[in-house]
$ cat protein-v9.txt   # compact mmCIF, C-alpha atoms
# COMPACT_ATOMS: atom_id res chain seq x y z
CA LYS A 30 0.00 0.00 0.00
CA ALA A 31 1.30 3.45 -0.88
CA GLY A 32 1.90 5.73 2.07
CA VAL A 33 0.73 9.27 2.68
CA THR A 34 1.93 11.69 0.03
CA GLN A 35 2.26 15.44 0.38
CA THR A 36 2.94 18.00 -2.28
CA PRO A 37 4.91 20.08 -2.70
CA ARG A 38 7.75 19.00 -0.43
CA TYR A 39 9.31 22.45 -0.27
CA LEU A 40 7.83 25.87 -0.78
CA ILE A 41 9.12 29.42 -0.45
CA LYS A 42 6.60 32.24 -0.22
CA THR A 43 6.62 35.92 0.60
CA ARG A 44 4.78 37.58 3.48
CA GLY A 45 1.22 38.42 2.56
CA GLN A 46 0.89 35.70 -0.06
CA GLN A 47 -1.28 32.65 0.31
CA VAL A 48 -0.36 29.00 -0.09
CA THR A 49 -2.14 25.70 -0.67
CA LEU A 50 -0.69 22.39 0.45
CA SER A 51 -1.98 19.00 -0.65
CA CYS A 52 -2.21 15.62 1.06
CA SER A 53 -3.24 12.25 -0.36
CA PRO A 54 -4.04 9.72 2.38
CA ILE A 55 -3.45 6.00 2.33
CA SER A 56 -5.93 4.25 0.08
CA GLY A 57 -9.11 3.49 2.01
CA HIS A 58 -8.40 5.98 4.77
CA ARG A 59 -11.07 8.61 5.22
CA SER A 60 -9.58 10.82 7.91
CA VAL A 61 -6.90 13.40 7.27
CA SER A 62 -5.37 15.49 10.05
CA TRP A 63 -2.95 18.39 9.68
CA TYR A 64 -0.20 19.38 12.08
CA GLN A 65 2.25 22.26 12.17
CA GLN A 66 5.78 21.57 13.41
CA THR A 67 8.08 24.44 14.44
CA PRO A 68 11.21 24.50 16.61
CA GLY A 69 9.54 26.81 19.10
CA GLN A 70 6.05 25.35 19.42
CA GLY A 71 6.69 21.75 18.45
CA LEU A 72 3.90 19.72 16.88
CA GLN A 73 0.50 21.35 17.02
CA PHE A 74 -2.79 20.05 15.74
CA LEU A 75 -4.44 22.21 13.08
CA PHE A 76 -7.60 20.34 12.07
CA GLU A 77 -9.03 17.02 11.00
CA TYR A 78 -11.30 16.17 8.08
CA PHE A 79 -13.45 13.10 7.72
CA SER A 80 -15.84 12.44 4.85
CA GLU A 81 -15.36 15.98 3.54
CA THR A 82 -16.32 17.55 6.88
CA GLN A 83 -14.11 19.25 9.42
CA ARG A 84 -14.46 17.09 12.50
CA ASN A 85 -12.02 18.78 14.85
CA LYS A 86 -10.05 22.01 15.00
CA GLY A 87 -7.01 23.26 16.90
CA ASN A 88 -6.23 26.76 18.14
CA PHE A 89 -5.08 28.46 14.98
CA PRO A 90 -6.34 31.72 13.44
CA GLY A 91 -8.87 31.73 10.65
CA ARG A 92 -6.09 32.29 8.10
CA PHE A 93 -5.58 28.54 8.30
CA SER A 94 -8.27 26.58 6.53
CA GLY A 95 -8.70 23.26 4.87
CA ARG A 96 -10.97 21.07 2.90
CA GLN A 97 -11.37 17.47 1.90
CA PHE A 98 -12.53 16.05 -1.40
CA SER A 99 -14.74 13.05 -2.09
CA ASN A 100 -11.65 10.91 -2.78
CA SER A 101 -10.36 11.81 0.72
CA ARG A 102 -7.54 13.97 -0.59
CA SER A 103 -7.15 17.09 1.49
CA GLU A 104 -5.79 20.56 1.02
CA MET A 105 -4.89 23.17 3.56
CA ASN A 106 -4.66 26.84 2.79
CA VAL A 107 -2.88 29.61 4.63
CA SER A 108 -3.78 33.15 3.62
CA THR A 109 -1.88 36.35 4.31
CA LEU A 110 1.30 34.53 5.22
CA GLU A 111 3.38 35.70 8.16
CA LEU A 112 7.02 34.95 8.94
CA GLY A 113 5.87 32.83 11.87
CA ASP A 114 4.04 30.49 9.50
CA SER A 115 7.37 29.04 8.41
CA ALA A 116 7.15 25.44 9.48
CA LEU A 117 6.96 21.83 8.48
CA TYR A 118 3.32 20.99 7.78
CA LEU A 119 2.52 17.35 8.32
CA CYS A 120 -0.51 15.47 7.21
CA ALA A 121 -1.68 12.28 8.91
CA SER A 122 -3.98 9.62 7.53
CA SER A 123 -6.24 7.35 9.52
CA PRO A 124 -9.12 4.99 8.71
CA GLY A 125 -11.28 7.29 10.81
CA ARG A 126 -14.10 4.84 11.48
CA SER A 127 -15.23 4.49 15.07
CA GLY A 128 -14.34 0.82 14.96
CA SER A 129 -10.85 1.41 13.69
CA LEU A 130 -9.07 1.29 17.01
CA PRO A 131 -6.47 2.25 18.09
CA TYR A 132 -6.84 5.32 15.92
CA GLU A 133 -3.45 4.86 14.37
CA GLN A 134 -2.30 7.84 12.39
CA TYR A 135 0.27 7.55 9.61
CA PHE A 136 2.18 10.65 8.71
CA GLY A 137 3.42 11.92 5.39
CA PRO A 138 6.90 13.39 4.83
CA GLY A 139 5.61 16.94 5.25
CA THR A 140 5.78 20.17 3.30
CA ARG A 141 8.44 22.56 4.45
CA LEU A 142 7.13 26.11 4.05
CA THR A 143 9.51 29.04 4.29
CA VAL A 144 8.03 32.54 4.44
CA THR A 145 10.41 35.40 3.63
CA GLY B 30 -5.37 20.29 30.76
CA GLU B 31 -3.43 18.80 27.91
CA ASP B 32 0.32 18.73 28.22
CA VAL B 33 3.02 16.19 27.45
CA GLU B 34 6.58 16.55 28.71
CA GLN B 35 9.75 14.79 27.69
CA SER B 36 13.44 15.27 28.38
CA LEU B 37 15.11 16.83 25.38
CA PHE B 38 18.29 14.79 24.95
CA LEU B 39 19.58 11.29 25.55
CA SER B 40 22.99 9.91 24.60
CA VAL B 41 23.72 6.20 24.72
CA ARG B 42 26.44 3.84 23.60
CA GLU B 43 25.73 1.44 20.76
CA GLY B 44 24.48 -1.89 22.10
CA ASP B 45 23.17 -0.41 25.36
CA SER B 46 19.48 0.05 26.18
CA SER B 47 17.84 3.45 25.80
CA VAL B 48 14.99 4.61 27.99
CA ILE B 49 12.99 7.64 26.94
CA ASN B 50 10.54 9.03 29.46
CA CYS B 51 7.36 11.02 29.08
CA THR B 52 4.73 12.43 31.42
CA TYR B 53 1.25 13.48 30.41
CA THR B 54 -1.51 15.33 32.19
CA ASP B 55 -4.81 14.22 30.73
CA SER B 56 -6.01 11.21 32.68
CA SER B 57 -8.74 10.62 30.12
CA SER B 58 -6.21 9.73 27.45
CA THR B 59 -7.20 6.42 25.92
CA TYR B 60 -4.14 5.70 23.84
CA LEU B 61 -0.54 6.79 24.11
CA TYR B 62 1.87 6.64 21.21
CA TRP B 63 5.54 6.74 20.38
CA TYR B 64 6.64 8.23 17.08
CA LYS B 65 10.13 8.48 15.57
CA GLN B 66 11.31 11.29 13.32
CA GLU B 67 14.51 11.11 11.34
CA PRO B 68 16.09 14.24 9.82
CA GLY B 69 14.06 15.64 6.96
CA ALA B 70 11.33 13.05 7.36
CA GLY B 71 7.81 12.82 8.71
CA LEU B 72 6.76 10.87 11.79
CA GLN B 73 6.92 7.11 11.90
CA LEU B 74 4.52 5.35 14.26
CA LEU B 75 6.63 3.00 16.41
CA THR B 76 4.15 1.62 18.89
CA TYR B 77 1.20 2.51 21.07
CA ILE B 78 -0.36 1.37 24.29
CA PHE B 79 -3.94 1.39 25.47
CA SER B 80 -4.51 3.06 28.81
CA ASN B 81 -5.69 -0.12 30.54
CA MET B 82 -2.36 -1.83 29.87
CA ASP B 83 0.81 -1.63 31.95
CA MET B 84 3.29 -2.90 29.43
CA LYS B 85 3.61 -3.72 25.77
CA GLN B 86 6.55 -5.38 24.06
CA ASP B 87 7.24 -5.25 20.35
CA GLN B 88 10.57 -6.74 19.29
CA ARG B 89 13.28 -4.37 20.65
CA LEU B 90 10.72 -1.92 21.97
CA THR B 91 9.10 -2.07 25.40
CA VAL B 92 6.52 0.47 26.51
CA LEU B 93 5.74 0.87 30.19
CA LEU B 94 2.73 2.83 31.41
CA ASN B 95 2.19 4.01 34.97
CA LYS B 96 -1.30 5.41 34.79
CA LYS B 97 -1.33 6.54 38.42
CA ASP B 98 1.71 8.76 37.86
CA LYS B 99 0.78 9.49 34.21
CA HIS B 100 4.23 8.32 33.20
CA LEU B 101 5.11 6.57 29.97
CA SER B 102 8.47 5.18 28.92
CA LEU B 103 9.96 3.64 25.80
CA ARG B 104 12.83 1.23 26.16
CA ILE B 105 14.90 0.36 23.10
CA ALA B 106 17.02 -2.74 23.60
CA ASP B 107 20.41 -3.14 21.87
CA THR B 108 20.36 0.44 20.57
CA GLN B 109 21.89 0.87 17.13
CA THR B 110 23.18 3.94 15.26
CA GLY B 111 20.10 3.71 13.05
CA ASP B 112 18.01 4.45 16.13
CA SER B 113 19.44 7.99 16.29
CA ALA B 114 16.43 10.24 15.80
CA ILE B 115 13.90 12.35 17.66
CA TYR B 116 11.29 10.37 19.59
CA PHE B 117 7.89 11.88 20.31
CA CYS B 118 5.45 10.77 22.92
CA ALA B 119 1.81 11.61 22.15
CA GLU B 120 -1.49 11.24 23.95
CA ARG B 121 -4.96 11.02 22.53
CA PRO B 122 -7.22 12.71 25.07
CA LEU B 123 -10.80 11.55 25.17
CA SER B 124 -12.01 15.14 25.04
CA GLY B 125 -9.84 16.06 22.08
CA GLY B 126 -11.92 14.54 19.38
CA TYR B 127 -11.29 11.63 17.15
CA ASN B 128 -7.79 12.10 15.87
CA LYS B 129 -6.29 15.02 17.78
CA LEU B 130 -2.94 14.05 19.24
CA ILE B 131 -1.03 16.07 21.80
CA PHE B 132 2.70 15.71 21.33
CA GLY B 133 5.64 16.23 23.61
CA ALA B 134 8.59 18.33 22.47
CA GLY B 135 10.54 15.25 21.46
CA THR B 136 13.65 13.55 22.83
CA ARG B 137 16.72 13.59 20.63
CA LEU B 138 18.48 10.23 20.92
CA ALA B 139 22.15 10.17 19.95
CA VAL B 140 23.81 6.77 19.66
CA HIS B 141 27.61 6.74 19.74
CA PRO B 142 30.06 3.86 19.17

$ encode --input "protein-v9.txt" --output "structure tokens"
Amino acid sequence: KAGVTQTPRYLIKTRGQQVTLSCSPISGHRSVSWYQQTPGQGLQFLFEYFSETQRNKGNFPGRFSGRQFSNSRSEMNVSTLELGDSALYLCASSPGRSGSLPYEQYFGPGTRLTVT
Amino acid sequence: GEDVEQSLFLSVREGDSSVINCTYTDSSSTYLYWYKQEPGAGLQLLTYIFSNMDMKQDQRLTVLLNKKDKHLSLRIADTQTGDSAIYFCAERPLSGGYNKLIFGAGTRLAVHP
């Protein structure tokens, strides 16, 4: 089975721009979660999508948004980029069904975003 | 509250055992996980333990859970240079929603000859 794929792997943007990151989960998985990893704040949960609906959300400003398509692929968007948005953005895939204990999440390689 | 703490660094000699410790605060956490991150890579799920278990063994990995003290540890037997990486402990609080994980800051394991 192919793992979680994220595109692009690297991205350089300027302050004020917006960016869209993409994540393709493992085949058959319906849940996609997004995390931000920075040296200062560590790994922080952004949001989770399941069956095209946002099921859970972390404490990030509204500039961070996401969506999920019918094939379970997900995108996250960051508008009006700030220098502090520079981070590794990780996507995690999970079956997502209530019976799919123990809620194992499999991570992609991440997209490294640099804001200048 | 939700908080996970880990020591930041651990250095061990090749062939010795490594023990990485973690404390968490949310007593409702149902599952606790250990992830490994190598340079430039994403997170690799190593193992997990359900909160009603005390111990879980998986090849060279042993997870110990002290639920009373909210303390979790990961023991790596016969540590190899390929084990050098950052190890993250994570909890899945019951109140957090389906797939929200709370991570510790990570422990950097350095294995030297």

$ closest_residue --input "protein-v9.txt" --among "A:Gly139, A:Ser56, A:Glu104, A:Trp63" --to "Phe89 of chain A" --atoms "all atoms listed in the file"
A:Trp63

$ closest_residue --input "protein-v9.txt" --among "B:Leu123, B:Ala139, B:Val33, B:Leu74" --to "Gln109 of chain B" --atoms "all atoms listed in the file"
B:Ala139

$ interface_residues --input "protein-v9.txt" --of "chain A" --to "chain B" --cutoff "12 Å" --atoms "only C-alpha atoms" --output "PyMOL selection string"
chain A and resi 32-35+38-39+59-79+83-88+117-141

$ residues_around --input "protein-v9.txt" --residues "Asn95 of chain B" --least-positions-apart "6" --cutoff "10 Å" --atoms "all atoms listed in the file" --output "list in words"
Thr52, Ser80, Asn81, Met82, Asp83, Met84, Leu101 and Ser102 of chain B

$ write_last_selection --input "protein-v9.txt" --atoms "C-alpha atoms" --output "PDB file, in the frame of the given file"
ATOM      1  CA  THR B  52       4.730  12.430  31.420  1.00  0.00           C
ATOM      2  CA  SER B  80      -4.510   3.060  28.810  1.00  0.00           C
ATOM      3  CA  ASN B  81      -5.690  -0.120  30.540  1.00  0.00           C
ATOM      4  CA  MET B  82      -2.360  -1.830  29.870  1.00  0.00           C
ATOM      5  CA  ASP B  83       0.810  -1.630  31.950  1.00  0.00           C
ATOM      6  CA  MET B  84       3.290  -2.900  29.430  1.00  0.00           C
ATOM      7  CA  LEU B 101       5.110   6.570  29.970  1.00  0.00           C
ATOM      8  CA  SER B 102       8.470   5.180  28.920  1.00  0.00           C
TER       9      SER B 102
END

$ residues_around --input "protein-v9.txt" --residues "Thr143 of chain A" --least-positions-apart "3" --cutoff "9 Å" --atoms "all atoms listed in the file" --output "list in words"
Tyr39, Leu40, Ile41, Lys42, Thr43, Leu112, Asp114, Ser115, Ala116 and Leu117 of chain A

$ write_last_selection --input "protein-v9.txt" --atoms "C-alpha atoms" --output "mmCIF file, keeping the file's coordinate frame"
data_model
loop_
_atom_site.group_PDB
_atom_site.id
_atom_site.type_symbol
_atom_site.label_atom_id
_atom_site.label_comp_id
_atom_site.auth_asym_id
_atom_site.auth_seq_id
_atom_site.Cartn_x
_atom_site.Cartn_y
_atom_site.Cartn_z
ATOM 1 C CA TYR A 39 9.310 22.450 -0.270
ATOM 2 C CA LEU A 40 7.830 25.870 -0.780
ATOM 3 C CA ILE A 41 9.120 29.420 -0.450
ATOM 4 C CA LYS A 42 6.600 32.240 -0.220
ATOM 5 C CA THR A 43 6.620 35.920 0.600
ATOM 6 C CA LEU A 112 7.020 34.950 8.940
ATOM 7 C CA ASP A 114 4.040 30.490 9.500
ATOM 8 C CA SER A 115 7.370 29.040 8.410
ATOM 9 C CA ALA A 116 7.150 25.440 9.480
ATOM 10 C CA LEU A 117 6.960 21.830 8.480
#

$ residues_around --input "protein-v9.txt" --residues "Phe98 of chain A" --least-positions-apart "4" --cutoff "8 Å" --atoms "only C-alpha atoms" --output "NGL selection string"
:A and (80-81 or 102-103)

$ write_last_selection --input "protein-v9.txt" --atoms "C-alpha atoms" --output "PDB file, keeping the file's coordinate frame"
ATOM      1  CA  SER A  80     -15.840  12.440   4.850  1.00  0.00           C
ATOM      2  CA  GLU A  81     -15.360  15.980   3.540  1.00  0.00           C
ATOM      3  CA  ARG A 102      -7.540  13.970  -0.590  1.00  0.00           C
ATOM      4  CA  SER A 103      -7.150  17.090   1.490  1.00  0.00           C
TER       5      SER A 103
END

$ atom_distance --input "protein-v9.txt" --atom1 "atom CA of Leu94 of chain B" --atom2 "atom CA of Val41 of chain B"
22.3 Å

$ residues_around --input "protein-v9.txt" --residues "segment 86-90 of chain B" --least-positions-apart "2" --cutoff "8 Å" --atoms "all atoms listed in the file" --output "PyMOL selection string"
chain B and resi 76+84+92+103-107

$ atom_distance --input "protein-v9.txt" --atom1 "atom CA of Leu93 of chain B" --atom2 "atom CA of Ser36 of chain B"
16.4 Å

$ atom_distance --input "protein-v9.txt" --atom1 "atom CA of Arg44 of chain A" --atom2 "atom CA of Ser94 of chain A"
17.3 Å

$ axis_aligned_box --input "protein-v9.txt" --around "segment 33-37 of chain B" --padding-each-side "4 Å" --output "lines of an AutoDock Vina configuration file"
center_x = 9.1
center_y = 15.8
center_z = 27.0
size_x = 20.1
size_y = 10.0
size_z = 11.3

$ closest_residue --input "protein-v9.txt" --among "A:Ile55, A:Val48, A:Ala31, A:Val144" --to "Ser108 of chain A" --atoms "all atoms listed in the file"
A:Val48

$ residues_around --input "protein-v9.txt" --residues "Ser56 of chain B" --least-positions-apart "5" --cutoff "10 Å" --atoms "only C-alpha atoms" --output "tab-separated table (two decimals) with C-alpha atoms, in the frame of the given file"
chain	number	residue	atom	x	y	z
B	30	GLY	CA	-5.37	20.29	30.76
B	31	GLU	CA	-3.43	18.80	27.91
B	80	SER	CA	-4.51	3.06	28.81
B	96	LYS	CA	-1.30	5.41	34.79
B	97	LYS	CA	-1.33	6.54	38.42
B	98	ASP	CA	1.71	8.76	37.86
B	99	LYS	CA	0.78	9.49	34.21
B	120	GLU	CA	-1.49	11.24	23.95
B	122	PRO	CA	-7.22	12.71	25.07
B	123	LEU	CA	-10.80	11.55	25.17

$ closest_residue --input "protein-v9.txt" --among "B:Lys85, B:Thr91, B:Lys65, B:Glu34" --to "Val48 of chain B" --atoms "only C-alpha atoms"
B:Thr91
